[in-house]
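Pasted below: protein.txt, compact mmCIF, C-alpha atoms.
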```
# COMPACT_ATOMS: atom_id res chain seq x y z
CA MET T 38 0.00 0.00 0.00
CA GLU T 39 1.38 3.39 -0.99
CA GLN T 40 1.62 5.75 1.97
CA ALA T 41 2.96 9.25 2.51
CA LEU T 42 3.97 11.45 5.40
CA ASN T 43 5.37 14.94 5.36
CA ASP T 44 6.12 17.76 7.80
CA SER T 45 2.49 18.79 7.98
CA GLY T 46 1.32 15.31 8.98
CA TRP T 47 -0.40 12.25 7.63
CA ARG T 48 -1.47 12.33 3.97
CA GLY T 49 -3.21 8.97 4.00
CA SER T 50 -2.64 6.29 1.38
CA SER T 51 -3.90 5.46 -2.08
CA GLU T 52 -6.00 2.63 -0.63
CA LEU T 53 -7.48 4.93 2.02
CA TRP T 54 -8.60 7.44 -0.61
CA LEU T 55 -9.91 4.65 -2.84
CA GLN T 56 -11.88 3.09 0.01
CA ALA T 57 -13.44 6.47 0.85
CA ALA T 58 -14.37 6.91 -2.81
CA TYR T 59 -15.89 3.41 -2.87
CA GLU T 60 -17.98 4.09 0.23
CA SER T 61 -19.24 7.44 -1.09
CA PHE T 62 -19.99 5.86 -4.46
CA LEU T 63 -22.15 3.15 -2.88
CA GLU T 64 -23.89 5.58 -0.54
CA SER T 65 -24.64 8.46 -2.92
CA GLY T 66 -23.58 7.66 -6.47
CA ILE T 67 -20.78 8.80 -8.71
CA ASP T 68 -21.48 12.53 -8.31
CA SER T 69 -20.49 12.26 -4.65
CA VAL T 70 -17.02 10.99 -5.53
CA LYS T 71 -15.22 14.34 -5.53
CA ILE T 72 -11.91 15.33 -4.07
CA LEU T 73 -12.96 17.97 -1.52
CA PRO T 74 -15.82 15.95 0.05
CA LEU T 75 -13.53 12.91 0.26
CA ALA T 76 -10.81 15.00 1.91
CA LYS T 77 -13.33 16.25 4.49
CA LYS T 78 -14.56 12.71 5.08
CA LEU T 79 -10.99 11.55 5.73
CA GLY T 80 -9.94 14.61 7.70
CA LEU T 81 -7.12 15.24 5.24
CA SER T 82 -6.11 18.20 3.12
CA ARG T 83 -7.32 18.42 -0.47
CA THR T 84 -3.75 18.59 -1.69
CA SER T 85 -3.00 15.22 -0.05
CA PHE T 86 -5.10 13.59 -2.75
CA TYR T 87 -2.60 14.59 -5.43
CA TRP T 88 0.16 12.71 -3.70
CA PHE T 89 -1.49 9.50 -4.88
CA PHE T 90 -3.66 10.38 -7.88
CA LYS T 91 -3.12 12.61 -10.89
CA ASP T 92 -6.75 13.73 -10.85
CA ARG T 93 -10.31 12.60 -10.17
CA GLU T 94 -10.39 10.64 -13.41
CA GLN T 95 -7.55 8.43 -12.20
CA LEU T 96 -9.45 7.78 -8.97
CA LEU T 97 -12.56 6.80 -10.95
CA GLU T 98 -10.50 4.50 -13.15
CA ASP T 99 -9.09 2.82 -10.04
CA LEU T 100 -12.66 2.30 -8.81
CA LEU T 101 -13.46 0.55 -12.09
CA VAL T 102 -10.33 -1.58 -11.78
CA ARG T 103 -11.47 -2.68 -8.32
CA TRP T 104 -14.91 -3.55 -9.69
CA ARG T 105 -13.48 -5.50 -12.66
CA GLU T 106 -11.01 -7.45 -10.57
CA LYS T 107 -13.47 -8.31 -7.82
CA ASN T 108 -16.74 -8.99 -9.59
CA SER T 109 -15.66 -10.18 -13.03
CA GLY T 110 -12.38 -11.67 -11.88
CA ASN T 111 -13.89 -13.77 -9.11
CA LEU T 112 -16.86 -14.90 -11.18
CA VAL T 113 -14.53 -16.17 -13.91
CA LYS T 114 -12.35 -17.94 -11.34
CA ARG T 115 -15.33 -19.67 -9.76
CA ALA T 116 -16.64 -20.68 -13.20
CA GLU T 117 -13.27 -22.27 -13.95
CA ALA T 118 -12.90 -24.03 -10.58
CA TYR T 119 -12.73 -27.83 -10.46
CA ALA T 120 -16.09 -29.59 -10.23
CA GLU T 121 -17.18 -33.23 -10.39
CA SER T 122 -20.31 -32.33 -12.33
CA VAL T 123 -22.04 -29.42 -14.01
CA ALA T 124 -24.21 -29.13 -10.89
CA GLU T 125 -21.17 -28.66 -8.69
CA ALA T 126 -19.71 -26.20 -11.20
CA MET T 127 -22.91 -24.18 -10.78
CA LEU T 128 -22.54 -24.29 -7.01
CA ASN T 129 -19.02 -22.93 -7.43
CA VAL T 130 -20.48 -19.93 -9.27
CA PHE T 131 -23.17 -19.54 -6.63
CA ASP T 132 -20.36 -18.85 -4.16
CA CYS T 133 -20.28 -15.39 -5.77
CA TRP T 134 -23.93 -14.76 -5.01
CA ILE T 135 -23.53 -15.75 -1.35
CA ASP T 136 -20.10 -14.34 -0.44
CA GLU T 137 -19.72 -10.56 -0.78
CA ALA T 138 -15.95 -11.00 -0.55
CA LEU T 139 -16.18 -12.66 -3.97
CA PHE T 140 -18.86 -10.56 -5.65
CA ASP T 141 -20.04 -7.18 -4.36
CA SER T 142 -23.68 -6.76 -5.41
CA LYS T 143 -23.93 -3.20 -4.09
CA PHE T 144 -20.85 -2.24 -6.09
CA GLU T 145 -22.38 -3.90 -9.14
CA PHE T 146 -25.61 -1.94 -8.73
CA ALA T 147 -23.70 1.33 -8.32
CA VAL T 148 -21.60 0.78 -11.44
CA ARG T 149 -24.67 -0.14 -13.49
CA SER T 150 -26.42 3.01 -12.24
CA TRP T 151 -23.35 5.05 -13.23
CA ALA T 152 -23.51 3.47 -16.70
CA LEU T 153 -26.97 4.99 -17.22
CA GLN T 154 -25.40 8.45 -17.38
CA ALA T 155 -22.01 7.70 -18.91
CA PRO T 156 -21.67 5.91 -22.28
CA GLU T 157 -18.04 4.97 -21.63
CA ILE T 158 -19.06 3.20 -18.41
CA LEU T 159 -21.89 1.46 -20.25
CA ASP T 160 -19.22 0.10 -22.60
CA GLU T 161 -17.30 -1.17 -19.56
CA VAL T 162 -20.44 -2.89 -18.24
CA LYS T 163 -21.20 -4.48 -21.60
CA GLU T 164 -17.63 -5.80 -21.81
CA ALA T 165 -17.91 -7.23 -18.28
CA ASP T 166 -21.24 -8.85 -19.12
CA GLN T 167 -19.71 -10.54 -22.16
CA THR T 168 -16.70 -11.76 -20.19
CA ARG T 169 -18.93 -13.26 -17.51
CA LEU T 170 -21.36 -14.82 -19.98
CA GLU T 171 -18.51 -16.48 -21.84
CA ALA T 172 -17.14 -17.88 -18.58
CA LEU T 173 -20.54 -19.33 -17.70
CA LYS T 174 -20.99 -20.73 -21.19
CA ARG T 175 -17.64 -22.52 -20.95
CA ILE T 176 -18.95 -24.44 -17.93
CA PHE T 177 -21.61 -26.09 -20.06
CA LEU T 178 -19.31 -26.66 -23.01
CA ARG T 179 -16.91 -28.36 -20.61
CA PHE T 180 -19.63 -30.79 -19.59
CA GLY T 181 -20.74 -31.61 -23.12
CA GLU T 182 -23.54 -29.16 -23.94
CA GLN T 183 -23.96 -27.97 -27.50
CA ASP T 184 -23.02 -24.36 -28.22
CA ILE T 185 -26.55 -22.90 -28.40
CA ALA T 186 -27.74 -24.74 -25.28
CA ALA T 187 -24.62 -23.62 -23.38
CA ASP T 188 -25.24 -20.04 -24.47
CA VAL T 189 -28.89 -20.04 -23.41
CA ARG T 190 -28.17 -21.66 -20.05
CA ALA T 191 -25.40 -19.11 -19.37
CA ARG T 192 -27.72 -16.23 -20.21
CA THR T 193 -30.50 -17.61 -18.04
CA ILE T 194 -28.22 -17.89 -15.03
CA TYR T 195 -26.61 -14.51 -15.49
CA LEU T 196 -29.73 -12.51 -16.30
CA VAL T 197 -31.55 -13.94 -13.28
CA GLN T 198 -28.74 -12.80 -11.00
CA ILE T 199 -28.46 -9.37 -12.59
CA GLY T 200 -32.22 -9.12 -12.12
CA TYR T 201 -31.76 -9.82 -8.40
CA ILE T 202 -29.17 -7.04 -8.25
CA SER T 203 -31.12 -4.53 -10.33
CA MET T 204 -34.27 -5.08 -8.26
CA GLN T 205 -32.17 -4.94 -5.06
CA SER T 206 -33.95 -8.10 -4.01
CA LYS T 207 -33.19 -9.25 -0.48
CA GLU T 208 -33.46 -12.82 0.81
CA GLU T 209 -32.62 -14.34 4.13
CA LEU T 210 -29.63 -16.66 3.79
CA SER T 211 -31.71 -19.63 4.90
CA VAL T 212 -34.34 -18.90 2.24
CA ARG T 213 -31.77 -18.60 -0.53
CA MET T 214 -29.96 -21.74 0.56
CA LYS T 215 -33.17 -23.77 0.51
CA ARG T 216 -33.85 -22.60 -3.04
CA ILE T 217 -30.36 -23.29 -4.38
CA PRO T 218 -30.74 -27.02 -5.16
CA GLU T 219 -33.77 -26.24 -7.33
CA TYR T 220 -31.99 -23.34 -9.01
CA VAL T 221 -29.14 -25.71 -9.87
CA ARG T 222 -31.53 -28.30 -11.30
CA ILE T 223 -33.34 -25.72 -13.41
CA PHE T 224 -30.19 -24.00 -14.63
CA THR T 225 -28.19 -27.14 -15.43
CA GLY T 226 -30.77 -29.90 -15.89
CA LEU T 227 -29.02 -31.89 -13.16
CA ALA T 228 -29.85 -32.01 -9.47
CA PRO T 229 -26.80 -31.60 -7.22
CA GLN T 230 -25.61 -34.60 -5.25
CA GLN T 231 -25.87 -34.34 -1.48
CA ARG T 232 -22.08 -34.42 -1.14
CA GLU T 233 -21.85 -31.45 -3.51
CA LEU T 234 -24.43 -29.53 -1.50
CA ASP T 235 -22.64 -30.43 1.71
CA ARG T 236 -19.39 -28.97 0.41
CA PHE T 237 -21.20 -25.84 -0.74
CA PHE T 238 -23.05 -25.35 2.53
CA ALA T 239 -19.86 -25.94 4.53
CA ARG T 240 -18.03 -23.21 2.57
CA HIS T 241 -20.65 -20.73 3.72
CA GLY T 242 -21.06 -21.95 7.28
CA TYR T 243 -24.64 -23.01 6.69
CA ALA T 244 -26.32 -25.99 8.31
CA PRO T 245 -29.36 -27.23 6.30
CA ASN T 246 -31.39 -27.64 9.45
CA ASP T 247 -30.92 -23.96 10.37
CA PRO T 248 -34.26 -22.11 10.58
```

Translate the structure described by the file into structure tokens.
Amino acid sequence: MEQALNDSGWRGSSELWLQAAYESFLESGIDSVKILPLAKKLGLSRTSFYWFFKDREQLLEDLLVRWREKNSGNLVKRAEAYAESVAEAMLNVFDCWIDEALFDSKFEFAVRSWALQAPEILDEVKEADQTRLEALKRIFLRFGEQDIAADVRARTIYLVQIGYISMQSKEELSVRMKRIPEYVRIFTGLAPQQRELDRFFARHGYAPNDP
């Protein structure tokens, strides 16, 4: 982490400024991500910002990099993870929908809202969508689906989840977990084995008998 200190005191760090920008972005949208309000939020001088960033545009680009690496990067990794069956491969992807450390739904919603007012960000979102859809499609190709079926299954999975995010739908963890086996069966055509579900539930600290 890049840090700086001078005679006048603590300037912060690039990560500190980026985290403040991220929090403001999620709370109030892209128009709130401005240098002076962030400086006030951090209790730092406005000039401290320029120790780490050339300008606001660089800060916004770093926000996009964080979004790409976290949401797209982790989804692709989970889609490529080892699985005994297509059902377990789907459960690997579902890790992203359960674990915010892998996929940040609030961040996703904020970026998609930003894209409504900025064509260049819309292009970023479209590119991310394509990357993610291709990763999901490769799951089905890997397990023997024909190209068109793999494409449709990938789109069904992805568009359902983006719908959850766009609608800001909230579910109790227990409710979502109880629905997951049926989601897997519908999305893949194959019901998950109990051992596959057990591994999935264990990753998320969930006991099926929880209320």

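We find CA of Ala172 in chain T and CA of Ala116 in chain T to be spaced 6.1 Å apart.
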
From the list T:Leu170, T:Ala76, T:Val102, T:Met214, which residue is nearest Phe237 in chain T when using all atoms listed in the file?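 Closest to Phe237 in chain T of all the choices is T:Met214.
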
Test item: residues at most 10 Å from range 150-158 of chain T, all atoms listed in the file, excluding those fewer than 5 positions along its chain, as a PyMOL selection string: chain T and resi 62+66-68+101+144-145+163-164+203

Go ahead and save the picked residues with C-alpha atoms, as an mmCIF file, in the frame of the given file.
```cif
data_model
loop_
_atom_site.group_PDB
_atom_site.id
_atom_site.type_symbol
_atom_site.label_atom_id
_atom_site.label_comp_id
_atom_site.auth_asym_id
_atom_site.auth_seq_id
_atom_site.Cartn_x
_atom_site.Cartn_y
_atom_site.Cartn_z
ATOM 1 C CA PHE T 62 -19.990 5.860 -4.460
ATOM 2 C CA GLY T 66 -23.580 7.660 -6.470
ATOM 3 C CA ILE T 67 -20.780 8.800 -8.710
ATOM 4 C CA ASP T 68 -21.480 12.530 -8.310
ATOM 5 C CA LEU T 101 -13.460 0.550 -12.090
ATOM 6 C CA PHE T 144 -20.850 -2.240 -6.090
ATOM 7 C CA GLU T 145 -22.380 -3.900 -9.140
ATOM 8 C CA LYS T 163 -21.200 -4.480 -21.600
ATOM 9 C CA GLU T 164 -17.630 -5.800 -21.810
ATOM 10 C CA SER T 203 -31.120 -4.530 -10.330
#
```

Select from range 106-130 of chain T every residue with an atom at most 12 Å from any atom of range 221-236 of chain T, then for each give the shortest pair of atoms and their distance in Å to one decimal, using all atoms listed in the file, rows by chain and rising number, as a Markdown table.
```
| residue | atom | partner | partner_atom | distance |
| --- | --- | --- | --- | --- |
| T:Ala120 | CA | T:Glu233 | CA | 9.0 |
| T:Glu121 | CA | T:Glu233 | CA | 8.5 |
| T:Ser122 | CA | T:Pro229 | CA | 8.3 |
| T:Val123 | CA | T:Thr225 | CA | 6.7 |
| T:Ala124 | CA | T:Pro229 | CA | 5.1 |
| T:Glu125 | CA | T:Glu233 | CA | 5.9 |
| T:Ala126 | CA | T:Thr225 | CA | 9.5 |
| T:Met127 | CA | T:Val221 | CA | 6.5 |
| T:Leu128 | CA | T:Val221 | CA | 7.3 |
| T:Asn129 | CA | T:Glu233 | CA | 9.8 |
| T:Val130 | CA | T:Val221 | CA | 10.4 |
```

Take the residues from that selection and write them out as a PDB file, in the coordinates of the input, keeping C-alpha atoms.
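part-v8.pdb, freshly written:
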```pdb
ATOM      1  CA  ALA T 120     -16.090 -29.590 -10.230  1.00  0.00           C
ATOM      2  CA  GLU T 121     -17.180 -33.230 -10.390  1.00  0.00           C
ATOM      3  CA  SER T 122     -20.310 -32.330 -12.330  1.00  0.00           C
ATOM      4  CA  VAL T 123     -22.040 -29.420 -14.010  1.00  0.00           C
ATOM      5  CA  ALA T 124     -24.210 -29.130 -10.890  1.00  0.00           C
ATOM      6  CA  GLU T 125     -21.170 -28.660  -8.690  1.00  0.00           C
ATOM      7  CA  ALA T 126     -19.710 -26.200 -11.200  1.00  0.00           C
ATOM      8  CA  MET T 127     -22.910 -24.180 -10.780  1.00  0.00           C
ATOM      9  CA  LEU T 128     -22.540 -24.290  -7.010  1.00  0.00           C
ATOM     10  CA  ASN T 129     -19.020 -22.930  -7.430  1.00  0.00           C
ATOM     11  CA  VAL T 130     -20.480 -19.930  -9.270  1.00  0.00           C
TER      12      VAL T 130
END
```

Among the residues T:Gln167, T:Thr84, T:Ser142, T:Ser50, the one that comes closest to Ile202 in chain T [using all atoms listed in the file]: T:Ser142

At a cut-off of 12 Å, using all atoms listed in the file, what residues contact Arg192 in chain T? Leave out same-chain residues fewer than 3 positions from it and give the result as a ChimeraX atom specification. /T:166-175,177,185-189,195-200,224-225

What separation in Å, quoted to one decimal, exists between CA of Glu98 in chain T and CA of Asp141 in chain T?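 These atoms are spaced 17.5 Å apart.
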
List every protein, DNA or RNA residue that has at least one atom no more than 10 Å from (-23.5, -16.7, -2.3) in the file's coordinates, counting only C-alpha atoms, and write the result as a PDB file with C-alpha atoms, keeping the file's coordinate frame.
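Output file point14.pdb follows:
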```pdb
ATOM      1  CA  LEU T 128     -22.540 -24.290  -7.010  1.00  0.00           C
ATOM      2  CA  ASN T 129     -19.020 -22.930  -7.430  1.00  0.00           C
ATOM      3  CA  VAL T 130     -20.480 -19.930  -9.270  1.00  0.00           C
ATOM      4  CA  PHE T 131     -23.170 -19.540  -6.630  1.00  0.00           C
ATOM      5  CA  ASP T 132     -20.360 -18.850  -4.160  1.00  0.00           C
ATOM      6  CA  CYS T 133     -20.280 -15.390  -5.770  1.00  0.00           C
ATOM      7  CA  TRP T 134     -23.930 -14.760  -5.010  1.00  0.00           C
ATOM      8  CA  ILE T 135     -23.530 -15.750  -1.350  1.00  0.00           C
ATOM      9  CA  ASP T 136     -20.100 -14.340  -0.440  1.00  0.00           C
ATOM     10  CA  GLU T 137     -19.720 -10.560  -0.780  1.00  0.00           C
ATOM     11  CA  ALA T 138     -15.950 -11.000  -0.550  1.00  0.00           C
ATOM     12  CA  LEU T 139     -16.180 -12.660  -3.970  1.00  0.00           C
ATOM     13  CA  PHE T 140     -18.860 -10.560  -5.650  1.00  0.00           C
ATOM     14  CA  LEU T 210     -29.630 -16.660   3.790  1.00  0.00           C
ATOM     15  CA  ARG T 213     -31.770 -18.600  -0.530  1.00  0.00           C
ATOM     16  CA  MET T 214     -29.960 -21.740   0.560  1.00  0.00           C
ATOM     17  CA  ILE T 217     -30.360 -23.290  -4.380  1.00  0.00           C
ATOM     18  CA  PHE T 237     -21.200 -25.840  -0.740  1.00  0.00           C
ATOM     19  CA  PHE T 238     -23.050 -25.350   2.530  1.00  0.00           C
ATOM     20  CA  ARG T 240     -18.030 -23.210   2.570  1.00  0.00           C
ATOM     21  CA  HIS T 241     -20.650 -20.730   3.720  1.00  0.00           C
TER      22      HIS T 241
END
```

Could you tell me how far CA of Ser51 in chain T lies from CA of Asp99 in chain T, in Å and to one decimal? 9.9 Å

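Shortest atom-to-atom contact with Ile72 in chain T among T:Ala147, T:Leu97, T:Ala239, T:Ile194: T:Leu97, counting only C-alpha atoms.
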
Of the residues T:Tyr119, T:Tyr201, T:Tyr243, T:Trp54, which is the one nearest to Leu79 in chain T, using only C-alpha atoms?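 Residue with the minimum atom-to-atom distance to Leu79 in chain T: T:Trp54.
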
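Restricting the calculation to all atoms listed in the file, the smallest distance between Ala58 in chain T and any of T:Leu100, T:Val148, T:Leu178, T:Ser85 is found for T:Leu100.
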
Here is a test: counting all atoms listed in the file, which residue of T:Tyr220, T:Arg190, T:Val212, T:Glu161 is nearest to Arg105 in chain T?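 Checking each of T:Tyr220, T:Arg190, T:Val212, T:Glu161 against Arg105 in chain T, counting all atoms listed in the file, the winner is T:Glu161.
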